[in-house]
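> Provided below: upload-v2.cif, containing mmCIF, C-alpha atoms.
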```
data_my_file
#
loop_
_atom_site.label_atom_id
_atom_site.label_comp_id
_atom_site.auth_asym_id
_atom_site.auth_seq_id
_atom_site.Cartn_x
_atom_site.Cartn_y
_atom_site.Cartn_z
CA MET A 1 -5.90 -0.93 -1.65
CA ILE A 2 -4.16 -4.20 -0.88
CA VAL A 3 -0.80 -4.41 0.91
CA GLY A 4 1.08 -7.70 0.96
CA ILE A 5 3.30 -8.75 3.86
CA VAL A 6 6.18 -11.03 2.86
CA GLY A 7 9.31 -12.36 4.51
CA LEU A 8 11.70 -15.26 4.95
CA PRO A 9 10.98 -18.11 7.37
CA GLY A 10 11.49 -16.96 10.96
CA SER A 11 11.19 -13.24 10.18
CA GLY A 12 8.03 -12.90 12.27
CA LYS A 13 5.92 -11.60 9.41
CA THR A 14 2.69 -13.11 10.78
CA THR A 15 3.46 -11.55 14.16
CA VAL A 16 3.72 -8.23 12.33
CA PHE A 17 0.46 -8.97 10.51
CA ASN A 18 -1.26 -9.53 13.86
CA ALA A 19 0.28 -6.37 15.30
CA VAL A 20 -0.97 -4.24 12.42
CA THR A 21 -4.43 -5.79 12.04
CA SER A 22 -5.29 -6.88 15.62
CA GLU A 23 -5.89 -10.38 14.24
CA ASN A 24 -4.85 -13.57 16.01
CA ALA A 25 -3.46 -15.62 13.14
CA PRO A 26 -1.30 -18.59 14.17
CA THR A 27 2.41 -17.78 14.17
CA GLY A 28 5.30 -20.14 13.65
CA THR A 29 5.58 -22.75 10.91
CA TYR A 30 1.93 -22.67 9.78
CA SER A 31 2.85 -20.82 6.59
CA ALA A 32 4.58 -23.86 5.17
CA ALA A 33 1.08 -25.05 4.29
CA GLY A 34 0.62 -22.06 2.01
CA THR A 35 -1.99 -20.23 4.08
CA THR A 36 -2.71 -16.57 3.35
CA ASN A 37 -4.07 -14.44 6.20
CA THR A 38 -6.27 -11.51 5.22
CA ALA A 39 -7.66 -8.61 7.27
CA THR A 40 -9.05 -5.13 6.66
CA VAL A 41 -7.73 -2.23 8.72
CA TRP A 42 -9.52 1.08 9.11
CA VAL A 43 -7.28 4.09 8.62
CA PRO A 44 -7.30 6.21 11.80
CA ASP A 45 -8.02 9.88 11.06
CA GLU A 46 -8.74 12.50 13.72
CA ARG A 47 -10.26 14.81 11.11
CA LEU A 48 -12.88 12.27 10.14
CA GLN A 49 -13.64 11.60 13.80
CA ALA A 50 -14.25 15.33 14.37
CA LEU A 51 -16.70 15.39 11.45
CA ARG A 52 -18.42 12.33 12.86
CA GLU A 53 -18.88 13.96 16.25
CA HIS A 54 -20.51 16.99 14.63
CA TYR A 55 -22.90 15.17 12.29
CA ASN A 56 -23.59 12.04 14.36
CA PRO A 57 -24.32 10.20 11.10
CA LYS A 58 -26.23 6.96 10.64
CA LYS A 59 -23.12 5.49 9.03
CA TYR A 60 -19.43 6.18 9.60
CA THR A 61 -16.87 4.83 7.12
CA PRO A 62 -13.13 5.47 7.48
CA ALA A 63 -10.75 4.71 4.65
CA SER A 64 -9.38 1.18 4.74
CA PHE A 65 -6.52 -1.06 3.67
CA GLN A 66 -6.55 -4.80 3.17
CA PHE A 67 -3.45 -6.54 4.46
CA ARG A 68 -2.48 -10.00 3.20
CA ASP A 69 0.10 -12.12 4.99
CA PHE A 70 1.49 -14.55 2.43
CA CYS A 71 3.17 -17.89 2.79
CA VAL A 72 6.91 -17.50 3.23
CA VAL A 73 9.42 -16.55 0.59
CA THR A 74 11.46 -19.74 0.32
CA GLY A 75 14.82 -18.16 -0.38
CA GLU A 76 15.68 -21.02 -2.72
CA GLY A 77 17.05 -18.84 -5.49
CA GLY A 78 14.10 -19.08 -7.85
CA GLU A 79 13.52 -22.83 -7.50
CA VAL A 80 10.08 -23.55 -8.93
CA ASN A 81 7.66 -25.45 -6.71
CA GLU A 82 3.92 -25.39 -6.14
CA LEU A 83 4.11 -23.30 -2.95
CA ASN A 84 6.36 -20.71 -4.53
CA ALA A 85 4.22 -20.47 -7.66
CA ARG A 86 1.07 -19.92 -5.61
CA MET A 87 2.75 -17.28 -3.46
CA ILE A 88 4.16 -15.42 -6.45
CA ALA A 89 0.80 -15.40 -8.23
CA ALA A 90 -0.91 -14.03 -5.12
CA VAL A 91 1.72 -11.34 -4.55
CA ARG A 92 1.19 -10.03 -8.08
CA GLU A 93 -2.34 -8.94 -7.09
CA VAL A 94 -1.29 -6.47 -4.37
CA ASP A 95 -0.68 -2.73 -4.73
CA ALA A 96 2.34 -2.52 -2.40
CA LEU A 97 4.63 -4.73 -0.33
CA VAL A 98 5.88 -4.73 3.24
CA LYS A 99 9.06 -6.80 3.39
CA VAL A 100 9.59 -8.07 6.93
CA VAL A 101 13.17 -8.84 7.97
CA ARG A 102 14.48 -10.30 11.19
CA GLY A 103 16.01 -7.83 13.66
CA PHE A 104 16.44 -10.29 16.53
CA ASP A 105 18.80 -13.18 17.31
CA GLU A 106 17.74 -16.70 16.41
CA ILE A 107 17.26 -19.29 19.15
CA ASP A 108 20.69 -20.70 18.27
CA GLY A 109 22.18 -17.25 18.82
CA SER A 110 22.76 -16.35 15.17
CA GLU A 111 22.59 -12.61 14.63
CA PRO A 112 20.17 -10.97 12.19
CA GLN A 113 21.36 -10.39 8.64
CA ALA A 114 18.78 -7.85 7.53
CA LEU A 115 20.49 -6.68 4.34
CA GLU A 116 21.11 -10.23 3.19
CA ASP A 117 17.48 -11.12 3.89
CA ILE A 118 16.27 -8.23 1.74
CA ASP A 119 18.58 -9.35 -1.06
CA THR A 120 17.13 -12.86 -0.85
CA ILE A 121 13.54 -11.62 -1.00
CA ASP A 122 14.31 -9.28 -3.89
CA ALA A 123 16.13 -12.02 -5.80
CA GLU A 124 13.07 -14.26 -5.54
CA PHE A 125 10.79 -11.61 -7.00
CA LEU A 126 13.33 -10.52 -9.60
CA PHE A 127 13.60 -14.09 -10.87
CA ALA A 128 9.80 -14.37 -11.03
CA ASP A 129 9.50 -11.20 -13.13
CA LEU A 130 12.35 -12.26 -15.38
CA GLU A 131 10.68 -15.61 -16.00
CA ILE A 132 7.49 -13.91 -17.21
CA ILE A 133 9.44 -11.58 -19.50
CA GLU A 134 11.44 -14.43 -21.03
CA LYS A 135 8.28 -16.39 -21.81
CA ARG A 136 6.57 -13.40 -23.37
CA LEU A 137 9.63 -12.45 -25.43
CA GLU A 138 9.83 -16.00 -26.74
CA LYS A 139 6.28 -15.67 -28.10
CA LEU A 140 6.92 -12.19 -29.48
CA GLU A 141 10.08 -13.36 -31.21
CA LYS A 142 8.04 -15.81 -33.24
CA SER A 143 5.01 -13.60 -33.91
CA THR A 144 7.06 -10.59 -35.07
CA GLN A 145 8.75 -12.64 -37.77
CA ARG A 146 5.69 -12.34 -40.01
CA PRO A 147 3.54 -9.36 -41.08
CA HIS A 148 0.21 -9.01 -39.30
CA GLN A 149 -2.20 -6.35 -38.10
CA LYS A 150 -0.61 -5.84 -34.66
CA LEU A 151 3.01 -6.10 -35.76
CA ASN A 152 4.03 -2.53 -34.86
CA GLU A 153 2.31 -2.83 -31.49
CA GLU A 154 4.12 -6.09 -30.74
CA LEU A 155 7.46 -4.66 -31.85
CA ARG A 156 7.06 -1.80 -29.37
CA GLU A 157 6.14 -4.25 -26.62
CA LYS A 158 9.15 -6.42 -27.50
CA ALA A 159 11.53 -3.45 -27.30
CA LEU A 160 10.09 -2.41 -23.94
CA LEU A 161 10.32 -5.92 -22.48
CA GLU A 162 13.91 -6.20 -23.66
CA ARG A 163 14.67 -3.04 -21.66
CA CYS A 164 12.93 -4.59 -18.67
CA ARG A 165 14.98 -7.74 -19.06
CA GLU A 166 18.21 -5.74 -19.12
CA GLN A 167 17.15 -3.97 -15.92
CA LEU A 168 16.48 -7.24 -14.14
CA LEU A 169 19.66 -8.91 -15.41
CA ALA A 170 21.51 -5.98 -13.85
CA GLU A 171 19.81 -7.03 -10.58
CA GLU A 172 17.80 -3.81 -10.46
CA PRO A 173 14.03 -3.67 -9.81
CA LEU A 174 11.68 -2.50 -12.53
CA SER A 175 10.56 0.33 -10.24
CA GLY A 176 13.84 2.03 -11.12
CA LEU A 177 13.28 1.84 -14.88
CA GLU A 178 12.17 5.09 -16.49
CA ILE A 179 9.10 4.48 -18.65
CA THR A 180 6.45 6.69 -20.20
CA PRO A 181 2.76 6.59 -19.25
CA ASP A 182 2.03 4.79 -22.53
CA GLU A 183 4.71 2.20 -21.78
CA GLU A 184 3.24 1.76 -18.30
CA LYS A 185 -0.06 0.78 -19.91
CA VAL A 186 1.72 -1.82 -22.05
CA ILE A 187 3.26 -3.69 -19.10
CA ARG A 188 0.56 -3.06 -16.48
CA GLY A 189 -1.11 -6.39 -17.15
CA PHE A 190 2.03 -8.34 -16.25
CA GLN A 191 1.75 -7.12 -12.62
CA PHE A 192 5.52 -7.17 -12.18
CA ILE A 193 6.40 -7.56 -8.50
CA THR A 194 9.63 -5.57 -8.66
CA GLN A 195 7.66 -2.63 -10.06
CA LYS A 196 5.47 -2.40 -6.96
CA PRO A 197 6.26 0.18 -4.25
CA SER A 198 7.63 -1.42 -1.12
CA LEU A 199 8.95 -0.67 2.33
CA VAL A 200 11.12 -2.63 4.72
CA LEU A 201 9.85 -3.51 8.18
CA LEU A 202 12.56 -4.41 10.67
CA ASN A 203 11.09 -6.75 13.29
CA LEU A 204 12.99 -6.16 16.54
CA ASP A 205 13.18 -8.16 19.74
CA ASP A 206 11.46 -6.95 22.90
CA ASP A 207 14.62 -5.48 24.40
CA THR A 208 15.79 -3.26 21.56
CA GLU A 209 14.72 0.36 21.91
CA LEU A 210 13.41 1.91 18.72
CA ASP A 211 15.94 4.75 18.95
CA ASP A 212 18.79 2.23 19.21
CA ALA A 213 17.66 0.38 16.08
CA GLN A 214 18.90 3.24 13.88
CA LYS A 215 22.43 2.74 15.25
CA LYS A 216 22.38 -1.05 15.33
CA PHE A 217 21.06 -1.39 11.78
CA GLY A 218 22.55 1.77 10.30
CA GLU A 219 23.41 0.22 6.93
CA LEU A 220 19.84 -0.99 6.45
CA PHE A 221 18.35 2.44 7.15
CA GLU A 222 20.92 4.07 4.90
CA LYS A 223 20.21 1.78 1.95
CA TYR A 224 16.43 1.69 2.54
CA PRO A 225 15.41 5.08 4.02
CA ASN A 226 11.74 4.11 4.20
CA THR A 227 12.45 1.32 6.71
CA ILE A 228 10.13 1.03 9.72
CA ALA A 229 11.36 -0.59 12.92
CA LEU A 230 8.97 -2.06 15.48
CA ARG A 231 8.97 -4.66 18.24
CA GLY A 232 6.60 -7.15 16.69
CA SER A 233 5.86 -9.35 19.70
CA ILE A 234 5.08 -6.41 21.99
CA GLU A 235 3.01 -4.69 19.33
CA MET A 236 1.06 -7.91 18.78
CA GLU A 237 0.31 -8.13 22.50
CA ILE A 238 -0.92 -4.53 22.48
CA ALA A 239 -3.12 -5.18 19.47
CA GLN A 240 -4.87 -8.03 21.31
CA LEU A 241 -5.81 -5.80 24.26
CA PRO A 242 -9.18 -4.04 24.61
CA PRO A 243 -8.95 -0.52 23.07
CA GLU A 244 -9.26 1.18 26.47
CA GLU A 245 -6.16 -0.64 27.77
CA ARG A 246 -3.89 -0.15 24.76
CA GLU A 247 -2.87 3.44 25.39
CA GLU A 248 -1.77 2.75 28.97
CA PHE A 249 0.28 -0.27 27.88
CA MET A 250 1.86 1.71 25.04
CA GLN A 251 2.95 4.40 27.48
CA GLU A 252 4.51 1.78 29.74
CA MET A 253 6.48 0.37 26.81
CA GLY A 254 7.52 3.77 25.47
CA ILE A 255 5.54 3.37 22.24
CA GLU A 256 4.15 6.70 21.04
CA VAL A 257 2.41 5.51 17.86
CA SER A 258 0.85 2.08 17.38
CA ALA A 259 2.04 -0.37 14.73
CA THR A 260 -1.26 0.05 12.88
CA ASP A 261 -0.90 3.83 12.64
CA ARG A 262 2.75 3.70 11.63
CA VAL A 263 2.40 1.05 8.95
CA VAL A 264 -0.85 2.41 7.52
CA GLN A 265 0.50 5.95 7.29
CA ALA A 266 3.70 4.64 5.70
CA CYS A 267 1.64 2.74 3.14
CA PHE A 268 -0.36 5.90 2.40
CA GLY A 269 2.88 7.68 1.58
CA LEU A 270 4.25 4.70 -0.31
CA LEU A 271 1.22 4.57 -2.59
CA GLY A 272 1.00 8.35 -2.95
CA LEU A 273 -2.50 8.46 -1.46
CA ILE A 274 -4.53 11.23 0.13
CA SER A 275 -7.93 11.26 1.85
CA PHE A 276 -10.94 13.37 0.99
CA PHE A 277 -14.27 13.34 2.80
CA THR A 278 -17.99 13.35 2.06
CA ILE A 279 -20.20 14.35 4.98
CA GLY A 280 -23.83 14.56 6.04
CA GLU A 281 -26.35 13.15 8.49
CA ASP A 282 -26.64 9.90 6.54
CA GLU A 283 -22.93 9.16 6.31
CA VAL A 284 -19.50 10.58 7.06
CA LYS A 285 -16.98 8.83 4.85
CA ALA A 286 -13.30 8.98 3.93
CA TRP A 287 -12.18 8.16 0.41
CA THR A 288 -8.68 7.51 -0.90
CA LEU A 289 -7.29 9.06 -4.06
CA ARG A 290 -3.90 9.24 -5.72
CA LYS A 291 -2.10 12.48 -4.92
CA GLY A 292 -2.33 15.01 -7.74
CA ARG A 293 -5.57 13.64 -9.21
CA PRO A 294 -8.41 15.93 -10.38
CA VAL A 295 -11.78 16.18 -8.67
CA ILE A 296 -13.46 14.37 -11.58
CA ASP A 297 -11.55 11.28 -10.42
CA ALA A 298 -12.82 11.84 -6.89
CA ALA A 299 -16.37 11.98 -8.27
CA GLY A 300 -15.76 8.70 -10.08
CA ALA A 301 -14.42 7.10 -6.91
CA ILE A 302 -17.68 7.92 -5.16
CA HIS A 303 -19.88 6.73 -8.05
CA THR A 304 -19.45 6.51 -11.81
CA ASP A 305 -22.71 8.44 -12.31
CA LEU A 306 -21.22 11.43 -10.47
CA ALA A 307 -18.31 11.52 -12.90
CA LYS A 308 -20.55 11.13 -15.96
CA GLY A 309 -22.93 13.92 -14.92
CA PHE A 310 -20.33 16.12 -13.24
CA ILE A 311 -21.15 19.86 -13.18
CA ARG A 312 -19.14 21.39 -10.33
CA ALA A 313 -17.60 20.36 -7.02
CA GLU A 314 -18.15 22.43 -3.90
CA VAL A 315 -14.99 22.13 -1.84
CA VAL A 316 -13.82 23.26 1.59
CA PRO A 317 -10.47 22.25 3.18
CA PHE A 318 -10.71 20.60 6.58
CA GLY A 319 -8.72 23.42 8.17
CA LYS A 320 -11.36 25.94 7.15
CA ILE A 321 -14.41 23.86 8.07
CA SER A 322 -12.91 23.16 11.50
CA SER A 323 -12.92 26.91 12.15
CA VAL A 324 -16.74 26.94 11.94
CA GLY A 325 -17.45 23.88 14.04
CA HIS A 326 -17.10 21.37 11.18
CA ASP A 327 -20.41 22.47 9.67
CA PHE A 328 -20.55 22.50 5.87
CA LYS A 329 -23.57 24.81 5.61
CA GLU A 330 -21.94 27.34 7.93
CA ALA A 331 -18.72 27.16 5.89
CA ARG A 332 -20.77 27.88 2.79
CA ARG A 333 -22.60 30.77 4.50
CA GLN A 334 -19.27 32.34 5.46
CA GLY A 335 -17.88 31.98 1.95
CA LEU A 336 -15.29 29.35 2.86
CA THR A 337 -16.34 26.90 0.16
CA THR A 338 -15.34 27.19 -3.49
CA LEU A 339 -16.93 25.86 -6.69
CA GLU A 340 -14.39 23.94 -8.72
CA HIS A 341 -14.25 22.59 -12.26
CA LYS A 342 -13.34 18.98 -13.03
CA GLU A 343 -9.63 19.89 -13.44
CA TYR A 344 -9.32 21.00 -9.79
CA VAL A 345 -6.60 18.97 -8.05
CA VAL A 346 -7.89 17.46 -4.81
CA SER A 347 -5.89 18.18 -1.64
CA ASP A 348 -5.59 15.94 1.40
CA GLY A 349 -8.44 16.68 3.79
CA ASP A 350 -10.79 18.31 1.28
CA ILE A 351 -14.50 17.99 2.03
CA ILE A 352 -16.25 17.62 -1.31
CA ASP A 353 -19.85 17.87 -2.43
CA ILE A 354 -20.37 16.89 -6.09
CA ARG A 355 -23.00 18.68 -8.14
CA PHE A 356 -24.12 16.59 -11.07
CA SER A 357 -26.93 16.11 -13.57
CA LYS A 358 -28.90 12.88 -13.52
#
```
What is this structure when it is put down as structure tokens?

Amino acid sequence: MIVGIVGLPGSGKTTVFNAVTSENAPTGTYSAAGTTNTATVWVPDERLQALREHYNPKKYTPASFQFRDFCVVTGEGGEVNELNARMIAAVREVDALVKVVRGFDEIDGSEPQALEDIDTIDAEFLFADLEIIEKRLEKLEKSTQRPHQKLNEELREKALLERCREQLLAEEPLSGLEITPDEEKVIRGFQFITQKPSLVLLNLDDDTELDDAQKKFGELFEKYPNTIALRGSIEMEIAQLPPEEREEFMQEMGIEVSATDRVVQACFGLLGLISFFTIGEDEVKAWTLRKGRPVIDAAGAIHTDLAKGFIRAEVVPFGKISSVGHDFKEARRQGLTTLEHKEYVVSDGDIIDIRFSK
């Protein structure tokens, strides 16, 4: 999964990127050159760690996210330029967005305008989606004027894109448009930015307590309930420390959960993801899956051959396996595992062993 970090100039989005990924990317005005910072973050999971301690495997693989810190949103109201075009094209490739907004005073003393900043970012992406729709509708308008083999298909696409255009002209994101699964397939290839799930990250100064942020930026939290507030500069400093020193520093600063944990877990929820595990002496590994998906999809995530030759899945929830020392064979011996058909819906924390024919 890829999560993009975007923001206006001066929002501190690269500071946030460093805080979340423990990278040391240059902060400041570097992004004017169009640089994209990329880093992979392992998803912390105490359950997986417990399984690792029991099996002591040759290989240990937590779930992961890739974070991409993009060049700045210009805030120029849709003005087309090379930097903007490159940024927009890159943002289309991500699965979700973290929109960083300034929660601290500028050097000149100007106060943060978080809601206005979000509006500016959203307007940029809305314009970009609208531009794609207008170009496609122009082509469809011509091609649907004559009979041809795909006429009905193009007419349906045209009607759907006209609905999308109306949504955007009303200054509403496409994520709020009700569409069917079949319609989703039609527009999936456009990679509309306003259709992507997103959260707001309020980047505070060092002196603002996290509890006080709710009061100070009440309107922002009310309009965007999934907003996360963190002190970017402090969190970046913590992320640069050796692991053994981080916890002590966090306690001193009154930070209970690290930026990495908070943002990663928020992204999990944003994308509707869960984790399931495969275990053994060779490898203990976490896999990500969309919530509500059947175990046949989990088999396919592990390897396409497992899905093709799927027979049954032997499953035990983490809560049950932890009661027998995290040992799968012991869980089986005590009747804690179940054999499931391909329609079984995977739950977060399931340990799964796929039985398949070669």
> Mind giving me the straight-line distance from atom CA of A:His303 to atom CA of A:Val94 in Å, one decimal?
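Result for atom CA of A:His303 versus atom CA of A:Val94: 23.1 Å, one decimal.
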> Applied to this file, what does the PyMOL selection byres ((chain A and resi 52-63) around 7) return in terms of residues, put as a list in words?
Trp42, Val43, Leu48, Gln49, Ala50, Leu51, Ser64, Gly280, Glu281, Asp282, Glu283, Val284, Lys285, Ala286, Trp287, Thr288 and His326 of chain A
> Would you please work out which residue, of A:Asp211, A:Pro9, A:Val16, A:Phe310, is nearest to A:Arg262 when using all atoms listed in the file?
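That would be A:Val16, the residue with the smallest distance to A:Arg262.
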> For a quick check of understanding, using all atoms listed in the file, which of A:Leu161, A:Val257, A:Ala307, A:Ala170 has the smallest distance to A:Leu210?
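Using all atoms listed in the file, A:Leu210 sits closest to A:Val257.
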> As an exercise, work out the distance from atom CA of A:Arg293 to atom CA of A:Phe268 in Å and give it to one decimal place.
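A separation of 14.9 Å between them.
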> Within 6 Å of stretch 235-246 of chain A, counting all atoms listed in the file, which residues qualify if same-chain residues fewer than 2 places away don't, as number ranges by chain?
A: 18-19, 22, 232-233, 248-249
> Within 12 Å of stretch 215-218 of chain A, counting only C-alpha atoms, which residues show up once you throw out same-chain ones fewer than 6 positions away? Write them as a PDB file with C-alpha atoms, keeping the file's coordinate frame, please.

```pdb
ATOM      1  CA  VAL A 101      13.170  -8.840   7.970  1.00  0.00           C
ATOM      2  CA  ARG A 102      14.480 -10.300  11.190  1.00  0.00           C
ATOM      3  CA  GLY A 103      16.010  -7.830  13.660  1.00  0.00           C
ATOM      4  CA  PHE A 104      16.440 -10.290  16.530  1.00  0.00           C
ATOM      5  CA  GLU A 111      22.590 -12.610  14.630  1.00  0.00           C
ATOM      6  CA  PRO A 112      20.170 -10.970  12.190  1.00  0.00           C
ATOM      7  CA  GLN A 113      21.360 -10.390   8.640  1.00  0.00           C
ATOM      8  CA  ALA A 114      18.780  -7.850   7.530  1.00  0.00           C
ATOM      9  CA  LEU A 115      20.490  -6.680   4.340  1.00  0.00           C
ATOM     10  CA  LEU A 201       9.850  -3.510   8.180  1.00  0.00           C
ATOM     11  CA  LEU A 202      12.560  -4.410  10.670  1.00  0.00           C
ATOM     12  CA  ASN A 203      11.090  -6.750  13.290  1.00  0.00           C
ATOM     13  CA  LEU A 204      12.990  -6.160  16.540  1.00  0.00           C
ATOM     14  CA  THR A 208      15.790  -3.260  21.560  1.00  0.00           C
ATOM     15  CA  GLU A 209      14.720   0.360  21.910  1.00  0.00           C
ATOM     16  CA  TYR A 224      16.430   1.690   2.540  1.00  0.00           C
ATOM     17  CA  PRO A 225      15.410   5.080   4.020  1.00  0.00           C
ATOM     18  CA  THR A 227      12.450   1.320   6.710  1.00  0.00           C
ATOM     19  CA  ILE A 228      10.130   1.030   9.720  1.00  0.00           C
ATOM     20  CA  ALA A 229      11.360  -0.590  12.920  1.00  0.00           C
TER      21      ALA A 229
END
```
> Could you pull the residues within 10 Å of A:Val20, counting all atoms listed in the file, minus those fewer than 5 positions along the same chain, as a list in words?
Thr14, Thr15, Ala39, Thr40, Val41, Phe67, Gly232, Glu235, Met236, Ala239, Ser258, Ala259, Thr260, Asp261, Arg262, Val263 and Val264 of chain A
> Kindly indicate which residue among A:Glu172, A:Leu137, A:Phe318, A:Asp348 lies nearest to A:Leu155, using all atoms listed in the file for the distances.
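Between A:Glu172, A:Leu137, A:Phe318, A:Asp348, the residue approaching A:Leu155 most closely is A:Leu137.
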> Could you please determine the separation between atom CA of A:Lys196 and atom CA of A:Ser175 in Å, to one decimal place?
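Atom-to-atom, atom CA of A:Lys196 to atom CA of A:Ser175, that is 6.6 Å.
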> When distances are computed from only C-alpha atoms, which of A:Ile5, A:Arg165, A:His341, A:Glu154 shows the smallest separation from A:Met87?
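Comparing A:Ile5, A:Arg165, A:His341, A:Glu154 against A:Met87, the winner is A:Ile5.
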> Let me make sure I understand: among A:Ile133, A:Leu151, A:Pro181, A:Ile88, which one has the smallest atom-to-atom distance to A:Arg163 if we use all atoms listed in the file?
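That would be A:Ile133, the residue with the smallest distance to A:Arg163.
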> For each of A:Asp327, A:Gly254, A:Asp117, A:Gln145, take the minimum atom-to-atom distance to A:Arg231, counting only C-alpha atoms, then give the residue where this is smallest.
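Among the listed residues, the smallest separation from A:Arg231 belongs to A:Gly254.
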